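Q: Got a structure for you, final07.cif, holding mmCIF, C-alpha atoms.
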```cif
data_protein
#
loop_
_atom_site.label_atom_id
_atom_site.label_comp_id
_atom_site.auth_asym_id
_atom_site.auth_seq_id
_atom_site.Cartn_x
_atom_site.Cartn_y
_atom_site.Cartn_z
CA MET A 72 -14.40 11.57 3.60
CA PRO A 73 -11.28 11.27 1.41
CA GLU A 74 -10.55 14.95 2.05
CA GLN A 75 -10.75 14.36 5.81
CA ALA A 76 -8.63 11.24 5.47
CA ALA A 77 -6.03 13.23 3.54
CA GLN A 78 -5.99 15.87 6.28
CA GLN A 79 -5.28 13.23 8.90
CA TYR A 80 -2.51 11.65 6.82
CA HIS A 81 -1.00 15.11 6.29
CA VAL A 82 -0.85 15.64 10.05
CA ALA A 83 0.60 12.17 10.55
CA ILE A 84 3.34 12.90 8.01
CA ARG A 85 4.05 16.28 9.56
CA LEU A 86 4.56 14.53 12.89
CA LYS A 87 6.47 11.61 11.42
CA PRO A 88 7.90 12.62 8.00
CA GLY A 89 9.38 9.24 7.16
CA ASP A 90 6.17 7.26 7.51
CA ALA A 91 6.05 5.46 4.17
CA ILE A 92 2.64 3.90 4.77
CA ALA A 93 1.14 7.28 5.62
CA HIS A 94 2.63 8.69 2.40
CA PHE A 95 1.15 5.82 0.41
CA ASN A 96 -2.25 6.16 2.04
CA LEU A 97 -2.20 9.91 1.55
CA GLY A 98 -1.50 9.21 -2.11
CA GLN A 99 -4.61 7.06 -2.27
CA ALA A 100 -6.76 9.69 -0.55
CA LEU A 101 -5.49 12.42 -2.85
CA GLU A 102 -6.06 10.25 -5.87
CA GLU A 103 -9.63 9.83 -4.71
CA VAL A 104 -10.13 13.59 -4.80
CA HIS A 105 -8.38 13.73 -8.19
CA ASP A 106 -5.31 15.57 -6.94
CA THR A 107 -3.15 13.29 -9.03
CA ILE A 108 -0.06 15.47 -9.03
CA GLN A 109 0.21 15.46 -5.26
CA ALA A 110 -0.91 11.84 -5.11
CA ARG A 111 1.86 10.81 -7.46
CA GLN A 112 4.43 12.64 -5.32
CA HIS A 113 3.32 10.85 -2.19
CA PHE A 114 3.28 7.45 -3.90
CA ALA A 115 6.80 8.21 -5.12
CA GLN A 116 7.94 9.22 -1.63
CA ALA A 117 6.47 6.04 -0.21
CA ALA A 118 8.23 3.97 -2.87
CA GLU A 119 11.51 5.77 -2.22
CA SER A 120 11.35 4.92 1.47
CA ARG A 121 10.47 1.32 0.77
CA PRO A 122 12.26 0.30 -2.46
CA GLU A 123 11.30 -3.32 -1.92
CA LYS A 124 7.68 -2.31 -2.55
CA ARG A 125 7.96 -2.38 -6.33
CA LEU A 126 4.23 -2.11 -6.76
CA TRP A 127 4.31 1.24 -4.98
CA ARG A 128 6.69 2.53 -7.66
CA LEU A 129 4.36 1.33 -10.38
CA ARG A 130 1.49 2.90 -8.51
CA ALA A 131 3.28 6.24 -8.65
CA GLU A 132 3.78 5.84 -12.36
CA LEU A 133 0.21 4.80 -13.03
CA CYS A 134 -1.37 7.44 -10.83
CA GLY A 135 -3.86 9.63 -12.60
CA LEU A 136 -4.05 7.67 -15.79
CA ALA A 137 -7.59 7.88 -17.02
CA VAL A 138 -7.89 4.31 -18.18
CA PHE A 139 -8.43 3.15 -14.63
CA GLU A 140 -11.72 3.59 -12.88
CA SER A 141 -10.52 2.91 -9.37
CA SER A 142 -7.44 2.43 -7.26
CA GLN A 143 -8.46 -1.21 -6.95
CA GLU A 144 -8.18 -1.61 -10.72
CA ILE A 145 -4.73 0.00 -10.66
CA GLU A 146 -3.67 -2.35 -7.88
CA GLU A 147 -4.83 -5.36 -9.86
CA TYR A 148 -3.19 -4.10 -13.00
CA CYS A 149 0.10 -3.51 -11.15
CA GLU A 150 0.05 -7.08 -9.92
CA LYS A 151 -0.43 -8.37 -13.45
CA VAL A 152 2.39 -6.21 -14.76
CA GLU A 153 4.63 -7.27 -11.90
CA ASP A 154 3.90 -10.89 -12.70
CA ALA A 155 4.61 -10.28 -16.38
CA ILE A 156 7.92 -8.58 -15.50
CA HIS A 157 9.11 -11.58 -13.54
CA ARG A 158 8.31 -13.96 -16.36
CA THR A 159 9.62 -11.68 -19.08
CA ALA A 160 12.84 -10.87 -17.25
CA TRP A 161 13.53 -14.55 -16.90
CA GLU A 162 12.90 -15.18 -20.57
CA THR A 163 15.07 -12.28 -21.63
CA SER A 164 17.98 -13.27 -19.44
CA ALA A 165 17.88 -16.74 -20.92
CA SER A 166 18.28 -15.13 -24.37
CA THR A 167 16.42 -17.92 -26.05
CA THR A 168 13.38 -16.11 -27.40
CA SER A 169 13.87 -15.31 -31.04
CA SER A 170 10.81 -13.07 -31.06
CA ARG A 171 12.41 -10.57 -28.69
CA ARG A 172 15.68 -10.60 -30.57
CA ALA A 173 13.79 -10.11 -33.81
CA CYS A 174 11.88 -7.18 -32.33
CA TYR A 175 15.11 -5.63 -31.18
CA ALA A 176 16.58 -6.05 -34.64
CA PHE A 177 13.53 -4.41 -36.22
CA TYR A 178 13.66 -1.46 -33.88
CA LYS A 179 17.36 -1.11 -34.54
CA LYS A 180 16.79 -1.17 -38.24
CA MET A 181 14.06 1.45 -37.91
CA GLN A 182 16.40 3.50 -35.68
CA PHE A 183 13.68 3.50 -33.10
CA ALA A 184 15.14 2.80 -29.68
CA GLU A 185 12.16 4.11 -27.77
CA LEU A 186 10.80 0.67 -26.94
CA VAL A 187 14.08 -1.08 -26.26
CA ALA A 188 14.67 -1.71 -22.56
CA SER A 189 18.01 -2.41 -20.96
CA SER A 190 16.65 -3.75 -17.68
CA ALA A 191 13.57 -5.42 -16.26
CA GLU A 192 12.62 -2.20 -14.49
CA GLU A 193 12.90 -0.17 -17.67
CA TYR A 194 10.92 -2.83 -19.51
CA ALA A 195 8.22 -2.54 -16.87
CA ARG A 196 8.07 1.23 -17.19
CA LYS A 197 7.83 1.05 -20.95
CA ALA A 198 5.26 -1.76 -20.88
CA VAL A 199 3.14 0.19 -18.44
CA GLN A 200 3.42 3.35 -20.48
CA VAL A 201 2.49 1.61 -23.73
CA ALA A 202 -0.44 -0.12 -22.07
CA THR A 203 -1.81 2.86 -20.20
CA ASP A 204 -0.76 6.12 -21.80
CA ARG A 205 -2.94 6.68 -24.87
CA ASP A 206 -0.85 9.59 -26.18
CA TYR A 207 2.37 7.66 -25.84
CA ARG A 208 0.82 4.62 -27.49
CA LYS A 209 -0.34 6.78 -30.36
CA TYR A 210 3.12 8.33 -30.62
CA VAL A 211 4.99 5.01 -30.76
CA THR A 212 2.44 3.53 -33.14
CA GLU A 213 2.90 6.46 -35.51
CA ARG A 214 6.67 6.33 -35.20
CA ILE A 215 6.67 2.62 -36.01
CA ALA A 216 4.32 3.19 -38.92
CA GLN A 217 6.54 5.95 -40.28
CA ALA A 218 9.75 3.98 -39.96
CA SER A 219 8.50 0.54 -40.84
CA ASP A 220 9.08 0.98 -44.57
CA VAL A 221 12.76 0.27 -43.91
CA LEU A 222 11.67 -3.25 -43.19
CA PHE A 223 10.66 -3.48 -46.89
CA ASN A 224 7.11 -4.50 -46.02
CA ASP A 225 8.45 -7.73 -44.73
CA LEU A 226 5.33 -9.67 -43.73
CA LYS A 227 7.33 -11.79 -41.36
CA ALA A 228 8.51 -8.66 -39.56
CA ALA A 229 5.00 -7.27 -39.44
CA SER A 230 3.59 -10.44 -37.97
CA GLU A 231 6.43 -10.52 -35.45
CA HIS A 232 5.48 -7.04 -34.30
CA GLU A 233 1.89 -8.07 -34.08
CA ARG A 234 2.79 -11.06 -32.02
CA PHE A 235 4.96 -8.94 -29.71
CA PHE A 236 2.18 -6.52 -28.93
CA GLU A 237 -0.36 -9.28 -28.54
CA GLU A 238 1.98 -10.95 -26.08
CA ALA A 239 2.55 -7.68 -24.21
CA LEU A 240 -1.18 -7.09 -23.92
CA SER A 241 -1.72 -10.67 -22.86
CA HIS A 242 0.93 -10.28 -20.15
CA ALA A 243 -0.81 -7.14 -18.98
CA GLY A 244 -4.08 -9.04 -18.72
CA TYR A 245 -5.90 -7.53 -21.67
CA MET B 127 6.31 -6.82 39.89
CA LYS B 128 6.72 -5.61 36.32
CA ALA B 129 3.44 -5.16 34.52
CA ASN B 130 5.03 -5.88 31.18
CA GLY B 131 7.25 -8.68 32.42
CA SER B 132 5.27 -11.26 30.52
CA GLU B 133 4.98 -9.26 27.33
CA GLN B 134 6.76 -11.83 25.21
CA ARG B 135 4.12 -14.33 26.14
CA LEU B 136 1.26 -12.16 24.90
CA GLY B 137 -0.64 -13.74 22.10
CA ASP B 138 0.12 -17.31 23.04
CA GLY B 139 -3.24 -17.72 24.69
CA ASP B 140 -1.64 -18.59 27.99
CA SER B 141 -4.21 -17.98 30.70
CA LEU B 142 -1.36 -17.67 33.19
CA THR B 143 -0.52 -14.36 31.51
CA VAL B 144 -3.98 -13.02 32.29
CA THR B 145 -3.65 -14.30 35.83
CA SER B 146 -0.29 -12.61 36.23
CA PHE B 147 -1.62 -9.24 35.15
CA ARG B 148 -4.62 -9.62 37.42
CA ARG B 149 -2.27 -10.27 40.33
CA ALA B 150 -0.26 -7.21 39.34
CA LEU B 151 -3.44 -5.15 39.44
CA ASP B 152 -4.39 -6.58 42.83
CA ILE B 153 -1.12 -5.22 44.14
CA CYS B 154 -1.22 -1.97 42.20
CA PRO B 155 -4.79 -1.18 41.00
CA GLY B 156 -3.78 2.10 39.43
CA TYR B 157 -1.23 0.60 37.06
CA ALA B 158 -2.36 1.58 33.56
CA ASP B 159 0.25 -0.56 31.79
CA ALA B 160 -1.02 -3.63 33.60
CA PHE B 161 -4.57 -2.94 32.43
CA ALA B 162 -3.34 -2.42 28.87
CA ASN B 163 -1.33 -5.65 28.93
CA LEU B 164 -4.21 -7.51 30.51
CA GLY B 165 -6.37 -6.26 27.65
CA MET B 166 -3.85 -7.52 25.11
CA ALA B 167 -3.71 -10.92 26.77
CA GLN B 168 -7.49 -11.11 26.85
CA ALA B 169 -7.72 -10.05 23.22
CA ALA B 170 -5.20 -12.76 22.32
CA GLN B 171 -7.51 -15.26 23.97
CA GLY B 172 -10.49 -13.95 22.04
CA GLN B 173 -12.08 -12.31 25.08
CA LYS B 174 -13.03 -9.18 23.20
CA GLU B 175 -15.45 -7.70 25.70
CA ALA B 176 -13.06 -8.20 28.59
CA ALA B 177 -10.21 -6.79 26.54
CA GLU B 178 -12.23 -3.72 25.66
CA ALA B 179 -13.06 -3.17 29.32
CA SER B 180 -9.40 -3.51 30.30
CA PHE B 181 -8.25 -1.05 27.66
CA ARG B 182 -10.89 1.43 28.80
CA ARG B 183 -9.75 0.99 32.41
CA ALA B 184 -6.18 1.71 31.35
CA MET B 185 -7.35 4.89 29.67
CA ASP B 186 -9.39 5.88 32.73
CA VAL B 187 -6.33 5.49 34.90
CA GLN B 188 -4.04 7.18 32.40
CA PRO B 189 -5.91 9.24 29.78
CA GLY B 190 -4.20 9.04 26.43
CA HIS B 191 -2.38 5.79 27.28
CA HIS B 192 -0.81 5.04 23.92
CA ASP B 193 -0.99 1.25 23.76
CA ALA B 194 -4.45 1.07 25.30
CA THR B 195 -5.75 3.69 22.86
CA ALA B 196 -4.17 1.94 19.89
CA ARG B 197 -5.37 -1.50 20.88
CA LEU B 198 -8.85 -0.34 21.76
CA ALA B 199 -9.25 1.47 18.44
CA ALA B 200 -7.96 -1.61 16.62
CA LEU B 201 -10.31 -3.88 18.55
CA LEU B 202 -13.28 -1.67 17.76
CA GLY B 203 -12.22 -1.46 14.13
CA GLU B 204 -12.02 -5.25 13.91
CA GLN B 205 -15.64 -5.37 15.04
CA SER B 206 -16.67 -2.81 12.42
CA ARG B 207 -17.34 -0.28 15.16
CA ASP B 208 -15.57 2.40 13.20
CA ALA B 209 -17.51 5.32 14.69
CA GLU B 210 -16.44 4.31 18.19
CA ALA B 211 -12.88 3.71 17.07
CA ARG B 212 -12.89 7.17 15.55
CA GLN B 213 -14.12 8.69 18.82
CA VAL B 214 -11.32 7.00 20.72
CA LEU B 215 -8.68 8.23 18.30
CA GLU B 216 -10.10 11.74 18.03
CA ALA B 217 -10.09 12.06 21.81
CA ALA B 218 -6.49 10.85 21.88
CA VAL B 219 -5.19 13.28 19.25
CA ALA B 220 -7.15 16.12 20.86
CA ALA B 221 -5.26 15.42 24.08
CA ALA B 222 -1.88 14.95 22.41
CA PRO B 223 -1.04 14.83 18.69
CA CYS B 224 0.29 11.43 17.67
CA ALA B 225 1.36 10.48 14.16
CA ASP B 226 0.14 6.89 14.46
CA PHE B 227 -3.29 7.93 15.66
CA HIS B 228 -3.68 10.56 12.95
CA ALA B 229 -2.68 7.95 10.38
CA GLU B 230 -5.20 5.48 11.76
CA LEU B 231 -7.88 8.15 11.78
CA GLY B 232 -7.07 8.78 8.15
CA SER B 233 -7.45 5.08 7.41
CA LEU B 234 -10.79 4.91 9.20
CA LEU B 235 -12.06 7.86 7.20
CA PHE B 236 -10.69 6.49 3.97
CA ARG B 237 -12.19 3.09 4.67
CA ALA B 238 -15.58 4.78 4.67
CA CYS B 239 -15.11 5.63 0.99
CA PRO B 240 -16.78 3.06 -1.28
CA SER B 241 -14.41 0.48 -2.79
CA ARG B 242 -11.36 2.03 -1.16
CA GLN B 243 -8.99 0.23 1.14
CA PRO B 244 -5.96 1.93 2.68
CA SER B 245 -2.75 0.00 2.82
CA SER B 246 -2.63 -2.23 5.85
CA THR B 247 -0.96 -0.32 8.63
CA THR B 248 -1.12 -2.73 11.55
CA TRP B 249 -0.79 -1.13 14.90
CA ARG B 250 2.70 0.14 15.30
CA SER B 251 2.54 0.46 19.02
CA GLY B 252 2.34 -3.22 19.74
#
```
Since I need it in another form, could you write the structure as structure tokens?
A:
Amino acid sequence: MPEQAAQQYHVAIRLKPGDAIAHFNLGQALEEVHDTIQARQHFAQAAESRPEKRLWRLRAELCGLAVFESSQEIEEYCEKVEDAIHRTAWETSASTTSSRRACYAFYKKMQFAELVASSAEEYARKAVQVATDRDYRKYVTERIAQASDVLFNDLKAASEHERFFEEALSHAGY
Amino acid sequence: MKANGSEQRLGDGDSLTVTSFRRALDICPGYADAFANLGMAQAAQGQKEAAEASFRRAMDVQPGHHDATARLAALLGEQSRDAEARQVLEAAVAAAPCADFHAELGSLLFRACPSRQPSSTTWRSG
């Protein structure tokens, strides 16, 4: 069935190339048959045509990540992340949260800019990547572990990191 | 008399709209648009069986009538009669390729997959 659905969406797109919904639905059908590379491209094309659909962009970024069992789970996760972005962006713009400023200072001291975001969108991308990409999570964890000695084993710094990641996971619904 | 002259009133449940289209069909019984619009008015009033009959009449008069095909497939889909909706759409695309109908066929097929829901398309012809 998903193969047949994909065929129909392909024809629809051939006849009407700018049909964002058809691109998105084709992405879903391709994801179902585990053609994640093509699926991702179609999600991205859909998102490009409809930039106001921010969840579609996230969907493109999350496509094919093994942690999710179904597209429904991805959809739900995207909504949680989107919600977290709105709240986090507001908090950041207010510049009142010492924990975020402390985290930034730690990263700066460790010369590790990988997890520092300059915009809400970038924050979302990084949050999603940390939460969903096991290899990337392992990489950043190792980098932090390697560089954290510059913090002189400051327990306060360590607990601040812990709190940051707990908060990030909580925002993401874990 | 314009068969779609009362189009902006469709959906308001106004029985006069149905009456107007019936009068149009009395004057011009082979007017496919009037059947299609009558079907839409009936559907708006919840008269699903009558609407289905009107859409089918429109398609008899003018095979491949775009709005009648789209609305009939949607009506059947709403009633979980996906196999019939699929037949309607397949017949339409066999007669003349149409992006909207191919996309809706895709959604019908995808909907048959467990736990999968395509993004809401809504009928674009309406």
Q: Taking only C-alpha atoms into account, which of A:Ala131, A:Glu238, A:Gln112, A:Tyr210 comes nearest Ala198 of chain A?
A: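 With only C-alpha atoms as the atom set, the closest residue is A:Glu238.
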Q: Here is a test: counting all atoms listed in the file, which residue of B:Asp159, B:Glu175, B:Glu230, B:Asp208 is nearest to chain A?
A: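 Answer, going by the shortest atom-to-atom distance: B:Glu230.
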Q: Using all atoms listed in the file and a distance of at most 7 Å, pull out the residues of chain A that contact chain B, as a ChimeraX atom specification.
A: /A:72-73,75-77,79-80,82-84,86-87,92-93,96,100
Q: Using the chain letters and numbers from the file, which residues does the PyMOL selection byres ((chain B and resi 178-191) around 6) grab, as a list in words?
A: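 Matching residues under the PyMOL selection byres ((chain B and resi 178-191) around 6) are Ala158, Phe161, Ala162, Gly165, Glu175, Ala176, Ala177, His192, Asp193, Ala194, Thr195, Leu198 and Ala218 of chain B.
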Q: Between atom CA of Cys134 of chain A and atom CA of Ala110 of chain A, what distance in Å does the model show, to one decimal?
A: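 Separation between atom CA of Cys134 of chain A and atom CA of Ala110 of chain A: 7.2 Å.
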Q: For atom CA of Arg205 of chain A and atom CA of Leu101 of chain A, determine how far apart the two atoms are, in Å to one decimal place.
A: 22.9 Å
Q: Neighbouring residues of Arg214 of chain A were defined as those with any atom within 12 Å, considering all atoms listed in the file; residues of the same chain fewer than 6 positions away were excluded. Please report them as a VMD selection string.
A: chain A and resid 178 181 to 186 207 to 208 220
Q: Please, what distance in Å, to one decimal, runs between atom CA of Ala218 of chain A and atom CA of Val201 of chain A?
A: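 Result for atom CA of Ala218 of chain A versus atom CA of Val201 of chain A: 17.9 Å, one decimal.
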